[in-house]
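Enquirer: My file is start.cif. It has mmCIF, C-alpha atoms, pLDDT in the B column; chains and numbers go by the auth columns:
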data_query
#
loop_
_atom_site.group_PDB
_atom_site.id
_atom_site.type_symbol
_atom_site.label_atom_id
_atom_site.label_comp_id
_atom_site.label_asym_id
_atom_site.label_seq_id
_atom_site.Cartn_x
_atom_site.Cartn_y
_atom_site.Cartn_z
_atom_site.B_iso_or_equiv
_atom_site.auth_seq_id
_atom_site.auth_asym_id
ATOM 1 C CA MET A 1 -27.878 -125.708 -167.408 56.00 20 A
ATOM 2 C CA GLY A 2 -26.164 -123.878 -170.219 74.00 21 A
ATOM 3 C CA MET A 3 -29.231 -124.259 -172.364 75.00 22 A
ATOM 4 C CA LEU A 4 -31.537 -122.717 -169.741 77.00 23 A
ATOM 5 C CA SER A 5 -29.296 -119.711 -169.218 79.00 24 A
ATOM 6 C CA ARG A 6 -29.046 -119.138 -172.992 78.00 25 A
ATOM 7 C CA MET A 7 -32.825 -119.299 -173.305 77.00 26 A
ATOM 8 C CA SER A 8 -33.152 -116.904 -170.395 82.00 27 A
ATOM 9 C CA VAL A 9 -30.818 -114.409 -172.115 81.00 28 A
ATOM 10 C CA ILE A 10 -32.738 -114.721 -175.386 81.00 29 A
ATOM 11 C CA VAL A 11 -36.111 -114.213 -173.684 81.00 30 A
ATOM 12 C CA LYS A 12 -34.792 -111.213 -171.750 81.00 31 A
ATOM 13 C CA SER A 13 -33.365 -109.602 -174.877 79.00 32 A
ATOM 14 C CA LYS A 14 -36.642 -110.160 -176.761 76.00 33 A
ATOM 15 C CA MET A 15 -38.600 -108.622 -173.870 77.00 34 A
ATOM 16 C CA ASN A 16 -36.274 -105.603 -173.757 76.00 35 A
ATOM 17 C CA ARG A 17 -36.634 -105.103 -177.500 74.00 36 A
ATOM 18 C CA MET A 18 -40.436 -105.258 -177.226 69.00 37 A
ATOM 19 C CA MET A 19 -40.426 -102.750 -174.356 69.00 38 A
ATOM 20 C CA ASP A 20 -38.130 -100.402 -176.306 66.00 39 A
ATOM 21 C CA ASN A 21 -40.471 -100.536 -179.279 64.00 40 A
ATOM 22 C CA ALA A 22 -43.495 -99.908 -177.061 62.00 41 A
ATOM 23 C CA GLU A 23 -41.932 -96.842 -175.412 66.00 42 A
ATOM 24 C CA ASP A 24 -42.400 -93.673 -177.434 70.00 43 A
ATOM 25 C CA PRO A 25 -39.843 -90.979 -176.549 73.00 44 A
ATOM 26 C CA ARG A 26 -42.292 -88.252 -177.582 78.00 45 A
ATOM 27 C CA GLU A 27 -44.792 -89.485 -175.022 78.00 46 A
ATOM 28 C CA THR A 28 -42.139 -89.523 -172.336 77.00 47 A
ATOM 29 C CA LEU A 29 -41.065 -86.008 -173.264 80.00 48 A
ATOM 30 C CA ASP A 30 -44.673 -84.779 -173.304 83.00 49 A
ATOM 31 C CA TYR A 31 -45.267 -86.332 -169.899 85.00 50 A
ATOM 32 C CA SER A 32 -42.151 -84.670 -168.471 84.00 51 A
ATOM 33 C CA TYR A 33 -43.170 -81.329 -169.971 87.00 52 A
ATOM 34 C CA ASP A 34 -46.667 -81.618 -168.497 88.00 53 A
ATOM 35 C CA LYS A 35 -45.231 -82.409 -165.064 89.00 54 A
ATOM 36 C CA GLN A 36 -42.885 -79.403 -165.221 88.00 55 A
ATOM 37 C CA MET A 37 -45.743 -77.135 -166.285 89.00 56 A
ATOM 38 C CA GLU A 38 -47.820 -78.433 -163.380 91.00 57 A
ATOM 39 C CA MET A 39 -44.948 -77.722 -160.986 89.00 58 A
ATOM 40 C CA LEU A 40 -44.586 -74.229 -162.451 89.00 59 A
ATOM 41 C CA ARG A 41 -48.306 -73.554 -161.944 91.00 60 A
ATOM 42 C CA ASN A 42 -48.051 -74.763 -158.354 90.00 61 A
ATOM 43 C CA VAL A 43 -45.084 -72.492 -157.680 89.00 62 A
ATOM 44 C CA LYS A 44 -46.880 -69.522 -159.237 90.00 63 A
ATOM 45 C CA ARG A 45 -49.934 -70.286 -157.113 92.00 64 A
ATOM 46 C CA GLY A 46 -47.662 -70.410 -154.058 89.00 65 A
ATOM 47 C CA VAL A 47 -46.202 -67.006 -154.900 90.00 66 A
ATOM 48 C CA VAL A 48 -49.686 -65.515 -155.250 92.00 67 A
ATOM 49 C CA GLU A 49 -50.746 -67.029 -151.928 93.00 68 A
ATOM 50 C CA MET A 50 -47.617 -65.646 -150.260 91.00 69 A
ATOM 51 C CA VAL A 51 -48.288 -62.167 -151.612 92.00 70 A
ATOM 52 C CA THR A 52 -51.910 -62.343 -150.462 94.00 71 A
ATOM 53 C CA THR A 53 -50.972 -63.536 -146.989 94.00 72 A
ATOM 54 C CA LYS A 54 -48.255 -60.909 -146.697 94.00 73 A
ATOM 55 C CA ARG A 55 -50.681 -58.179 -147.723 95.00 74 A
ATOM 56 C CA LYS A 56 -53.222 -59.354 -145.129 95.00 75 A
ATOM 57 C CA LEU A 57 -50.550 -59.252 -142.442 94.00 76 A
ATOM 58 C CA GLU A 58 -49.503 -55.762 -143.537 95.00 77 A
ATOM 59 C CA ILE A 59 -53.107 -54.579 -143.265 96.00 78 A
ATOM 60 C CA GLN A 60 -53.393 -56.162 -139.843 96.00 79 A
ATOM 61 C CA ALA A 61 -50.114 -54.511 -138.804 95.00 80 A
ATOM 62 C CA SER A 62 -51.352 -51.103 -139.891 96.00 81 A
ATOM 63 C CA LYS A 63 -54.526 -51.605 -137.830 96.00 82 A
ATOM 64 C CA VAL A 64 -52.456 -52.584 -134.806 95.00 83 A
ATOM 65 C CA GLN A 65 -50.219 -49.542 -135.368 95.00 84 A
ATOM 66 C CA ALA A 66 -53.306 -47.306 -135.422 95.00 85 A
ATOM 67 C CA ASN A 67 -54.451 -48.980 -132.211 94.00 86 A
ATOM 68 C CA VAL A 68 -51.058 -48.265 -130.611 95.00 87 A
ATOM 69 C CA SER A 69 -51.409 -44.585 -131.477 94.00 88 A
ATOM 70 C CA LYS A 70 -54.961 -44.524 -130.135 95.00 89 A
ATOM 71 C CA LEU A 71 -53.917 -46.204 -126.874 94.00 90 A
ATOM 72 C CA ASP A 72 -51.051 -43.749 -126.503 93.00 91 A
ATOM 73 C CA SER A 73 -53.381 -40.775 -126.818 93.00 92 A
ATOM 74 C CA GLN A 74 -55.847 -42.409 -124.397 93.00 93 A
ATOM 75 C CA ALA A 75 -53.068 -42.852 -121.843 93.00 94 A
ATOM 76 C CA LYS A 76 -52.091 -39.176 -122.202 93.00 95 A
ATOM 77 C CA GLN A 77 -55.709 -38.074 -121.827 93.00 96 A
ATOM 78 C CA ALA A 78 -56.139 -40.231 -118.730 92.00 97 A
ATOM 79 C CA LEU A 79 -53.009 -38.743 -117.191 90.00 98 A
ATOM 80 C CA GLY A 80 -54.280 -35.268 -118.070 92.00 99 A
ATOM 81 C CA VAL A 81 -57.442 -35.763 -116.044 92.00 100 A
ATOM 82 C CA GLY A 82 -55.642 -37.508 -113.197 91.00 101 A
ATOM 83 C CA ARG A 83 -56.804 -41.063 -113.918 92.00 102 A
ATOM 84 C CA ASP A 84 -53.592 -42.984 -113.394 91.00 103 A
ATOM 85 C CA ASP A 85 -55.455 -46.297 -113.289 92.00 104 A
ATOM 86 C CA LEU A 86 -56.905 -45.773 -116.781 92.00 105 A
ATOM 87 C CA ALA A 87 -53.525 -44.559 -118.053 92.00 106 A
ATOM 88 C CA ARG A 88 -51.867 -47.715 -116.728 94.00 107 A
ATOM 89 C CA ILE A 89 -54.464 -49.932 -118.468 94.00 108 A
ATOM 90 C CA ALA A 90 -53.997 -48.055 -121.735 93.00 109 A
ATOM 91 C CA ILE A 91 -50.204 -48.382 -121.469 93.00 110 A
ATOM 92 C CA GLU A 92 -50.489 -52.128 -120.774 95.00 111 A
ATOM 93 C CA ARG A 93 -52.709 -52.562 -123.812 94.00 112 A
ATOM 94 C CA LYS A 94 -50.298 -50.468 -125.840 94.00 113 A
ATOM 95 C CA GLN A 95 -47.404 -52.735 -124.805 96.00 114 A
ATOM 96 C CA ALA A 96 -49.426 -55.806 -125.812 95.00 115 A
ATOM 97 C CA ALA A 97 -50.203 -54.192 -129.171 95.00 116 A
ATOM 98 C CA ILE A 98 -46.524 -53.349 -129.685 95.00 117 A
ATOM 99 C CA SER A 99 -45.625 -56.989 -128.998 96.00 118 A
ATOM 100 C CA GLU A 100 -48.252 -58.095 -131.493 95.00 119 A
ATOM 101 C CA LEU A 101 -46.866 -55.608 -134.010 95.00 120 A
ATOM 102 C CA GLU A 102 -43.364 -57.021 -133.577 95.00 121 A
ATOM 103 C CA GLY A 103 -44.685 -60.544 -134.125 95.00 122 A
ATOM 104 C CA LEU A 104 -46.473 -59.441 -137.275 94.00 123 A
ATOM 105 C CA GLY A 105 -43.272 -57.797 -138.489 94.00 124 A
ATOM 106 C CA GLN A 106 -41.393 -61.057 -138.012 95.00 125 A
ATOM 107 C CA GLN A 107 -44.090 -62.978 -139.868 95.00 126 A
ATOM 108 C CA ILE A 108 -43.985 -60.494 -142.738 94.00 127 A
ATOM 109 C CA SER A 109 -40.192 -60.770 -142.922 94.00 128 A
ATOM 110 C CA GLY A 110 -40.429 -64.559 -142.994 93.00 129 A
ATOM 111 C CA LEU A 111 -43.004 -64.412 -145.770 92.00 130 A
ATOM 112 C CA GLU A 112 -40.802 -62.061 -147.777 92.00 131 A
ATOM 113 C CA ILE A 113 -37.930 -64.541 -147.546 93.00 132 A
ATOM 114 C CA GLU A 114 -40.187 -67.432 -148.586 91.00 133 A
ATOM 115 C CA GLN A 115 -41.651 -65.346 -151.388 90.00 134 A
ATOM 116 C CA GLU A 116 -38.163 -64.638 -152.712 91.00 135 A
ATOM 117 C CA LYS A 117 -37.306 -68.352 -152.604 90.00 136 A
ATOM 118 C CA LEU A 118 -40.484 -69.223 -154.481 88.00 137 A
ATOM 119 C CA ALA A 119 -39.797 -66.524 -157.062 88.00 138 A
ATOM 120 C CA GLN A 120 -36.322 -67.942 -157.644 90.00 139 A
ATOM 121 C CA ALA A 121 -37.749 -71.457 -157.940 86.00 140 A
ATOM 122 C CA GLU A 122 -40.290 -70.128 -160.430 86.00 141 A
ATOM 123 C CA GLN A 123 -37.524 -68.567 -162.518 88.00 142 A
ATOM 124 C CA ARG A 124 -35.535 -71.805 -162.504 87.00 143 A
ATOM 125 C CA LEU A 125 -38.576 -73.831 -163.552 81.00 144 A
ATOM 126 C CA GLN A 126 -39.465 -71.290 -166.220 84.00 145 A
ATOM 127 C CA ALA A 127 -35.937 -71.568 -167.603 84.00 146 A
ATOM 128 C CA LYS A 128 -36.218 -75.360 -167.703 79.00 147 A
ATOM 129 C CA VAL A 129 -39.542 -75.248 -169.516 74.00 148 A
#
Please express what this file holds, its structure, as C-alpha cells.
Expert:
Amino acid sequence: MGMLSRMSVIVKSKMNRMMDNAEDPRETLDYSYDKQMEMLRNVKRGVVEMVTTKRKLEIQASKVQANVSKLDSQAKQALGVGRDDLARIAIERKQAAISELEGLGQQISGLEIEQEKLAQAEQRLQAKV
C-alpha cells in the first residue's frame, strides 16, 4: 500500500506542475480585467436607463400636473354656471390625477435612490479598473 500512495503523490505533484505551467497569469489577469470592464459597461448602461426612465416619469408627472390644473379650472367654471354635477366629476378626476401624481413622485424618488446606488457602484468599479 505504501507504494501506491507514493505513486499517487508523485502523479498528483506532476499533474499540479503541468497545470501550473499551462496557466498563464497574464491571461488570467486579462480575463479578470475584461470581466470588470464588462461589469462597468453594464453599470453605466443601467445608469443611463435609470436617467431615461426618470426623465420619462418627470414628463408624465408634468402632464398630469397640467391636467390637475385644467380639471381645477373646469370645476370652477362648472360651479360658476351652476353645474354642480360637472364640478363634482371634475373634482373626482382631479383627485384621481393627484393620486397618480403622488405615485409618480414616489417612483421618481425610488429611481433617484437607485440611480445614486448605481453611480456609487460605477465609481467603485472605475476605481478597481
Enquirer: In terms of the shortest atom-to-atom distance over only C-alpha atoms, which of A:Leu76, A:Ile117, A:Leu90, A:Leu48 is closest to Leu105 in chain A?
Expert: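 Ranking A:Leu76, A:Ile117, A:Leu90, A:Leu48 by distance to Leu105 in chain A, first place goes to A:Leu90.
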Enquirer: Work out how far CA of Arg102 in chain A is from CA of Lys89 in chain A, in Å to one decimal.
Expert: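 Result for CA of Lys89 in chain A versus CA of Arg102 in chain A: 16.7 Å, one decimal.
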Enquirer: CA of Lys82 in chain A and CA of Glu133 in chain A, how far apart in Å?
Expert: 23.9 Å
Enquirer: Quick one, how far is CA of Lys63 in chain A from CA of Gln125 in chain A?
Expert: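 CA of Lys63 in chain A sits 23.5 Å away from CA of Gln125 in chain A.
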Enquirer: Translate the PyMOL selection byres ((chain A and resi 128) around 12) into a concrete residue list for this structure, as a PDB file with C-alpha atoms, keeping the file's coordinate frame.
Expert:
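Final output, expr-v8.pdb:
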ATOM      1  CA  MET A  69     -47.617 -65.646-150.260  1.00 91.00           C
ATOM      2  CA  VAL A  70     -48.288 -62.167-151.612  1.00 92.00           C
ATOM      3  CA  THR A  72     -50.972 -63.536-146.989  1.00 94.00           C
ATOM      4  CA  LYS A  73     -48.255 -60.909-146.697  1.00 94.00           C
ATOM      5  CA  ARG A  74     -50.681 -58.179-147.723  1.00 95.00           C
ATOM      6  CA  LEU A  76     -50.550 -59.252-142.442  1.00 94.00           C
ATOM      7  CA  GLU A  77     -49.503 -55.762-143.537  1.00 95.00           C
ATOM      8  CA  GLU A 121     -43.364 -57.021-133.577  1.00 95.00           C
ATOM      9  CA  GLY A 122     -44.685 -60.544-134.125  1.00 95.00           C
ATOM     10  CA  LEU A 123     -46.473 -59.441-137.275  1.00 94.00           C
ATOM     11  CA  GLY A 124     -43.272 -57.797-138.489  1.00 94.00           C
ATOM     12  CA  GLN A 125     -41.393 -61.057-138.012  1.00 95.00           C
ATOM     13  CA  GLN A 126     -44.090 -62.978-139.868  1.00 95.00           C
ATOM     14  CA  ILE A 127     -43.985 -60.494-142.738  1.00 94.00           C
ATOM     15  CA  GLY A 129     -40.429 -64.559-142.994  1.00 93.00           C
ATOM     16  CA  LEU A 130     -43.004 -64.412-145.770  1.00 92.00           C
ATOM     17  CA  GLU A 131     -40.802 -62.061-147.777  1.00 92.00           C
ATOM     18  CA  ILE A 132     -37.930 -64.541-147.546  1.00 93.00           C
ATOM     19  CA  GLU A 133     -40.187 -67.432-148.586  1.00 91.00           C
ATOM     20  CA  GLN A 134     -41.651 -65.346-151.388  1.00 90.00           C
ATOM     21  CA  GLU A 135     -38.163 -64.638-152.712  1.00 91.00           C
TER      22      GLU A 135
END
Enquirer: For Val87 in chain A, which residue among A:Met26, A:Ala116, A:Met56, A:Ile108 is the nearest when counting all atoms listed in the file?
Expert: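 Nearest to Val87 in chain A: A:Ala116.
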Enquirer: Tell me which residues come within 12 Å of (-56.1, -42.6, -122.0), as a short mmCIF file (atom, residue, chain, number, x, y, z; two decimals) with C-alpha atoms, keeping the file's coordinate frame, counting all atoms listed in the file in the file's coordinates.
Expert:
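Once everything was written out, this is point.cif:
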data_model
loop_
_atom_site.label_atom_id
_atom_site.label_comp_id
_atom_site.auth_asym_id
_atom_site.auth_seq_id
_atom_site.Cartn_x
_atom_site.Cartn_y
_atom_site.Cartn_z
CA VAL A 87 -51.06 -48.26 -130.61
CA SER A 88 -51.41 -44.58 -131.48
CA LYS A 89 -54.96 -44.52 -130.14
CA LEU A 90 -53.92 -46.20 -126.87
CA ASP A 91 -51.05 -43.75 -126.50
CA SER A 92 -53.38 -40.78 -126.82
CA GLN A 93 -55.85 -42.41 -124.40
CA ALA A 94 -53.07 -42.85 -121.84
CA LYS A 95 -52.09 -39.18 -122.20
CA GLN A 96 -55.71 -38.07 -121.83
CA ALA A 97 -56.14 -40.23 -118.73
CA LEU A 98 -53.01 -38.74 -117.19
CA GLY A 99 -54.28 -35.27 -118.07
CA VAL A 100 -57.44 -35.76 -116.04
CA GLY A 101 -55.64 -37.51 -113.20
CA ARG A 102 -56.80 -41.06 -113.92
CA ASP A 103 -53.59 -42.98 -113.39
CA ASP A 104 -55.46 -46.30 -113.29
CA LEU A 105 -56.90 -45.77 -116.78
CA ALA A 106 -53.52 -44.56 -118.05
CA ARG A 107 -51.87 -47.72 -116.73
CA ILE A 108 -54.46 -49.93 -118.47
CA ALA A 109 -54.00 -48.06 -121.74
CA ILE A 110 -50.20 -48.38 -121.47
CA GLU A 111 -50.49 -52.13 -120.77
CA ARG A 112 -52.71 -52.56 -123.81
CA LYS A 113 -50.30 -50.47 -125.84
#
Enquirer: With all heavy atoms as the goal, would you fill in the gaps in range 92-103 of chain A and present it as an mmCIF file, in the coordinates of the input?
Expert:
data_model
loop_
_atom_site.group_PDB
_atom_site.id
_atom_site.type_symbol
_atom_site.label_atom_id
_atom_site.label_comp_id
_atom_site.auth_asym_id
_atom_site.auth_seq_id
_atom_site.Cartn_x
_atom_site.Cartn_y
_atom_site.Cartn_z
ATOM 1 N N SER A 92 -52.644 -42.013 -127.073
ATOM 2 C CA SER A 92 -53.381 -40.775 -126.818
ATOM 3 C C SER A 92 -54.363 -40.966 -125.653
ATOM 4 O O SER A 92 -54.563 -40.038 -124.858
ATOM 5 C CB SER A 92 -54.108 -40.305 -128.076
ATOM 6 O OG SER A 92 -55.117 -41.211 -128.435
ATOM 7 N N GLN A 93 -54.956 -42.147 -125.525
ATOM 8 C CA GLN A 93 -55.847 -42.409 -124.397
ATOM 9 C C GLN A 93 -55.093 -42.338 -123.074
ATOM 10 O O GLN A 93 -55.604 -41.802 -122.078
ATOM 11 C CB GLN A 93 -56.523 -43.780 -124.535
ATOM 12 C CG GLN A 93 -57.606 -43.834 -125.575
ATOM 13 C CD GLN A 93 -58.206 -45.228 -125.718
ATOM 14 O OE1 GLN A 93 -57.705 -46.211 -125.165
ATOM 15 N NE2 GLN A 93 -59.294 -45.317 -126.481
ATOM 16 N N ALA A 94 -53.878 -42.890 -123.066
ATOM 17 C CA ALA A 94 -53.068 -42.852 -121.843
ATOM 18 C C ALA A 94 -52.729 -41.396 -121.474
ATOM 19 O O ALA A 94 -52.802 -41.007 -120.302
ATOM 20 C CB ALA A 94 -51.793 -43.664 -122.020
ATOM 21 N N LYS A 95 -52.407 -40.591 -122.462
ATOM 22 C CA LYS A 95 -52.091 -39.176 -122.202
ATOM 23 C C LYS A 95 -53.319 -38.428 -121.688
ATOM 24 O O LYS A 95 -53.217 -37.607 -120.773
ATOM 25 C CB LYS A 95 -51.550 -38.520 -123.472
ATOM 26 C CG LYS A 95 -50.162 -38.962 -123.831
ATOM 27 C CD LYS A 95 -49.683 -38.324 -125.120
ATOM 28 C CE LYS A 95 -48.306 -38.859 -125.500
ATOM 29 N NZ LYS A 95 -47.845 -38.326 -126.780
ATOM 30 N N GLN A 96 -54.474 -38.721 -122.277
ATOM 31 C CA GLN A 96 -55.709 -38.074 -121.827
ATOM 32 C C GLN A 96 -56.034 -38.487 -120.387
ATOM 33 O O GLN A 96 -56.445 -37.645 -119.577
ATOM 34 C CB GLN A 96 -56.882 -38.445 -122.735
ATOM 35 C CG GLN A 96 -56.858 -37.789 -124.086
ATOM 36 C CD GLN A 96 -57.999 -38.274 -124.981
ATOM 37 O OE1 GLN A 96 -58.695 -39.230 -124.662
ATOM 38 N NE2 GLN A 96 -58.166 -37.596 -126.116
ATOM 39 N N ALA A 97 -55.855 -39.750 -120.082
ATOM 40 C CA ALA A 97 -56.139 -40.231 -118.730
ATOM 41 C C ALA A 97 -55.213 -39.578 -117.719
ATOM 42 O O ALA A 97 -55.638 -39.210 -116.621
ATOM 43 C CB ALA A 97 -56.022 -41.758 -118.673
ATOM 44 N N LEU A 98 -53.943 -39.422 -118.082
ATOM 45 C CA LEU A 98 -53.009 -38.743 -117.191
ATOM 46 C C LEU A 98 -53.389 -37.271 -117.032
ATOM 47 O O LEU A 98 -53.232 -36.692 -115.946
ATOM 48 C CB LEU A 98 -51.573 -38.861 -117.718
ATOM 49 C CG LEU A 98 -50.877 -40.196 -117.516
ATOM 50 C CD1 LEU A 98 -49.520 -40.198 -118.208
ATOM 51 C CD2 LEU A 98 -50.720 -40.516 -116.038
ATOM 52 N N GLY A 99 -53.888 -36.681 -118.108
ATOM 53 C CA GLY A 99 -54.280 -35.268 -118.070
ATOM 54 C C GLY A 99 -55.429 -34.996 -117.117
ATOM 55 O O GLY A 99 -55.507 -33.913 -116.521
ATOM 56 N N VAL A 100 -56.311 -35.955 -116.953
ATOM 57 C CA VAL A 100 -57.442 -35.763 -116.044
ATOM 58 C C VAL A 100 -57.200 -36.427 -114.685
ATOM 59 O O VAL A 100 -58.101 -36.498 -113.856
ATOM 60 C CB VAL A 100 -58.767 -36.278 -116.666
ATOM 61 C CG1 VAL A 100 -59.172 -35.434 -117.842
ATOM 62 C CG2 VAL A 100 -58.694 -37.740 -116.995
ATOM 63 N N GLY A 101 -55.991 -36.938 -114.494
ATOM 64 C CA GLY A 101 -55.642 -37.508 -113.197
ATOM 65 C C GLY A 101 -56.096 -38.939 -112.983
ATOM 66 O O GLY A 101 -56.170 -39.397 -111.840
ATOM 67 N N ARG A 102 -56.374 -39.660 -114.027
ATOM 68 C CA ARG A 102 -56.804 -41.063 -113.918
ATOM 69 C C ARG A 102 -55.628 -41.981 -114.225
ATOM 70 O O ARG A 102 -55.491 -42.527 -115.310
ATOM 71 C CB ARG A 102 -57.957 -41.348 -114.871
ATOM 72 C CG ARG A 102 -59.252 -40.617 -114.622
ATOM 73 C CD ARG A 102 -59.982 -41.097 -113.370
ATOM 74 N NE ARG A 102 -60.148 -42.514 -113.237
ATOM 75 C CZ ARG A 102 -61.251 -43.178 -113.544
ATOM 76 N NH1 ARG A 102 -62.293 -42.549 -114.010
ATOM 77 N NH2 ARG A 102 -61.304 -44.486 -113.385
ATOM 78 N N ASP A 103 -54.778 -42.137 -113.220
ATOM 79 C CA ASP A 103 -53.592 -42.984 -113.394
ATOM 80 C C ASP A 103 -53.957 -44.435 -113.671
ATOM 81 O O ASP A 103 -53.248 -45.130 -114.403
ATOM 82 C CB ASP A 103 -52.706 -42.905 -112.146
ATOM 83 C CG ASP A 103 -52.079 -41.535 -111.952
ATOM 84 O OD1 ASP A 103 -52.043 -40.769 -112.938
ATOM 85 O OD2 ASP A 103 -51.627 -41.250 -110.829
#
